[in-house]
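**Student:** Here it is, the structure, as structure tokens.
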Amino acid sequence: MIALQARTLNALGLLGCSAVLIMAFGYQVYLGELPCPLCLLQRSAFAAAGIGFALSVRFGARPSHYGVVILSAVAGAGVSARQMALHVVPGTGGYGSTLVGLHFYTLALIAFVAMIVSVGVLLLSHEALRPEPRVGESGINAFGKGCLLLFLCVVLANAVSTAAECGASLCPDDPSRYEALDAWLQRLGMR
């Protein structure tokens, strides 16, 4: 595997993290499903894993970048498994909508495990970790730049919505409104 192929695979990993965050954000905005604290932690883990992929896209593949991805995915898998365990008890039901018959936290666990396995496979390729020759300014092609820009926008949108939902305090266990945004609008006399 040459360095350009490794960069492209990292850009695809970054695109995958962005797609997961876009899907969750879409359900939040269009269906009004506000994320619970465990959901927010899973989104944070996808964002952190995306940072590892982004570093590899921008600076080239390094074991430390893959370490960021793996540690983030392990943390996210732990949070996803915890949320699954909360809803395994009969009569508790699930939290939120489903996609292809599975709740988002179940799909998140599958995605985190797939991420760990795919990065492990990338780490097996010594060619992918070989230093790249200097190509132009940074060696990033248009696809990589587009993935980086999309990821940045998606993470910022999620950060703003989390701040609107929770503010500087703890997020509610079962959110029903954007508490910090509502409080701010009340102070301005708009609600």
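Labeling convention for the structure tokens: chains A, B, ... as they appear, residues from 1 per chain, ligands from 1 in order of appearance.
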Give me, as a list in words, all polymer residues having an atom no more than 7 Å from segment 21-38 of chain A, counting only C-alpha atoms and skipping those fewer than 3 positions away in the same chain.
**Tutor:**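 The residues satisfying every condition are Cys17, Ser18, Leu41, Gln42, Arg43, Val79, Gln83, Gly96, Val154, Asn158, Cys171, Asp173, Asp174, Pro175 and Ser176 of chain A.
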**Student:** Report as a list in words all protein, DNA and RNA residues lying within 12 Å of segment 85-91 of chain A, evaluated on only C-alpha atoms, omitting residues in the same chain fewer than 6 positions from it.
**Tutor:**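 Surrounding residues, per the criterion: Leu38, Gly78, Val79, His103, Tyr105, Thr106 and Leu109 of chain A.
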**Student:** Write a file of the selected residues as a JSON list (two decimals), in the first residue's frame, keeping all heavy atoms.
**Tutor:**
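Everything below was put into result.json:
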[["chain", "number", "residue", "atom", "x", "y", "z"],
["A", 38, "LEU", "N", -25.41, 9.83, 27.13],
["A", 38, "LEU", "CA", -24.62, 8.73, 26.56],
["A", 38, "LEU", "C", -24.50, 8.87, 25.04],
["A", 38, "LEU", "O", -23.46, 8.56, 24.46],
["A", 38, "LEU", "CB", -25.23, 7.38, 26.94],
["A", 38, "LEU", "CG", -25.11, 6.99, 28.41],
["A", 38, "LEU", "CD1", -25.87, 5.69, 28.69],
["A", 38, "LEU", "CD2", -23.66, 6.86, 28.82],
["A", 78, "GLY", "N", -17.29, 1.27, 24.64],
["A", 78, "GLY", "CA", -17.68, 1.09, 26.04],
["A", 78, "GLY", "C", -18.95, 1.83, 26.39],
["A", 78, "GLY", "O", -19.84, 1.29, 27.06],
["A", 79, "VAL", "N", -19.07, 3.06, 25.91],
["A", 79, "VAL", "CA", -20.29, 3.85, 26.17],
["A", 79, "VAL", "C", -21.48, 3.22, 25.46],
["A", 79, "VAL", "O", -22.57, 3.12, 26.03],
["A", 79, "VAL", "CB", -20.09, 5.32, 25.72],
["A", 79, "VAL", "CG1", -21.39, 6.09, 25.83],
["A", 79, "VAL", "CG2", -19.00, 5.99, 26.55],
["A", 103, "HIS", "N", -31.21, 0.18, 17.21],
["A", 103, "HIS", "CA", -31.07, 1.50, 17.81],
["A", 103, "HIS", "C", -29.69, 2.06, 17.49],
["A", 103, "HIS", "O", -28.74, 1.32, 17.21],
["A", 103, "HIS", "CB", -31.28, 1.43, 19.33],
["A", 103, "HIS", "CG", -32.70, 1.21, 19.71],
["A", 103, "HIS", "ND1", -33.62, 2.22, 19.72],
["A", 103, "HIS", "CD2", -33.37, 0.08, 20.06],
["A", 103, "HIS", "CE1", -34.80, 1.74, 20.07],
["A", 103, "HIS", "NE2", -34.67, 0.43, 20.28],
["A", 105, "TYR", "N", -27.40, 3.33, 19.31],
["A", 105, "TYR", "CA", -26.29, 2.90, 20.17],
["A", 105, "TYR", "C", -25.79, 1.51, 19.79],
["A", 105, "TYR", "O", -24.61, 1.22, 19.94],
["A", 105, "TYR", "CB", -26.65, 2.99, 21.66],
["A", 105, "TYR", "CG", -28.02, 2.47, 22.02],
["A", 105, "TYR", "CD1", -28.25, 1.13, 22.28],
["A", 105, "TYR", "CD2", -29.10, 3.35, 22.13],
["A", 105, "TYR", "CE1", -29.50, 0.66, 22.61],
["A", 105, "TYR", "CE2", -30.36, 2.90, 22.47],
["A", 105, "TYR", "CZ", -30.56, 1.55, 22.70],
["A", 105, "TYR", "OH", -31.81, 1.09, 23.04],
["A", 106, "THR", "N", -26.67, 0.67, 19.28],
["A", 106, "THR", "CA", -26.25, -0.65, 18.80],
["A", 106, "THR", "C", -25.44, -0.50, 17.52],
["A", 106, "THR", "O", -24.38, -1.12, 17.36],
["A", 106, "THR", "CB", -27.47, -1.56, 18.54],
["A", 106, "THR", "OG1", -28.26, -1.61, 19.73],
["A", 106, "THR", "CG2", -27.06, -2.95, 18.13],
["A", 109, "LEU", "N", -21.98, 0.78, 18.37],
["A", 109, "LEU", "CA", -21.07, -0.27, 18.83],
["A", 109, "LEU", "C", -20.49, -1.05, 17.65],
["A", 109, "LEU", "O", -19.28, -1.30, 17.59],
["A", 109, "LEU", "CB", -21.78, -1.23, 19.80],
["A", 109, "LEU", "CG", -20.93, -2.38, 20.33],
["A", 109, "LEU", "CD1", -19.73, -1.87, 21.12],
["A", 109, "LEU", "CD2", -21.77, -3.32, 21.19]]
**Student:** I'd like to know which residues of segment 22-169 of chain A are strand (DSSP E or B) (by DSSP, run on the backbone); could you write them as JSON, numbers by chain?
**Tutor:** {"A": [98, 99, 102, 103]}
**Student:** May I have the residues from that selection written out with N, CA, C and O atoms, as a PDB file, in the first residue's frame?
**Tutor:**
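The resulting file, again_29.pdb, is shown below:
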ATOM      1  N   THR A  98     -35.004   3.821  15.480  1.00  0.00           N
ATOM      2  CA  THR A  98     -34.144   2.747  14.978  1.00  0.00           C
ATOM      3  C   THR A  98     -33.824   3.012  13.511  1.00  0.00           C
ATOM      4  O   THR A  98     -34.524   3.752  12.825  1.00  0.00           O
ATOM      5  N   LEU A  99     -32.765   2.390  13.067  1.00  0.00           N
ATOM      6  CA  LEU A  99     -32.365   2.432  11.666  1.00  0.00           C
ATOM      7  C   LEU A  99     -32.017   1.000  11.306  1.00  0.00           C
ATOM      8  O   LEU A  99     -31.241   0.363  12.026  1.00  0.00           O
ATOM      9  N   LEU A 102     -32.236  -1.476  14.219  1.00  0.00           N
ATOM     10  CA  LEU A 102     -31.346  -1.385  15.372  1.00  0.00           C
ATOM     11  C   LEU A 102     -31.311   0.049  15.898  1.00  0.00           C
ATOM     12  O   LEU A 102     -31.354   1.008  15.121  1.00  0.00           O
ATOM     13  N   HIS A 103     -31.208   0.178  17.213  1.00  0.00           N
ATOM     14  CA  HIS A 103     -31.068   1.503  17.812  1.00  0.00           C
ATOM     15  C   HIS A 103     -29.692   2.063  17.487  1.00  0.00           C
ATOM     16  O   HIS A 103     -28.745   1.324  17.209  1.00  0.00           O
TER      17      HIS A 103
END
**Student:** Please identify the helix (DSSP H, G or I) residues within chain A (assignment by DSSP from backbone atoms) and present them as a PyMOL selection string.
**Tutor:** chain A and resi 3-31+37-59+63-86+104-124+126-129+142-166+179-187
**Student:** At what distance in Å, to one decimal, does atom CA of Leu4 of chain A lie from atom CA of Val57 of chain A?
**Tutor:**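 Pair atom CA of Val57 of chain A / atom CA of Leu4 of chain A returns 9.5 Å.
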**Student:** For a quick check of understanding, using only C-alpha atoms, which of A:Val20, A:Leu123, A:Ser118, A:Asn141 has the smallest distance to Thr8 of chain A?
**Tutor:**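 Closest candidate: A:Asn141.
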**Student:** Report, in Å with one decimal, the straight-line distance from atom CA of Ser161 of chain A to atom CA of Ala19 of chain A.
**Tutor:** 17.0 Å
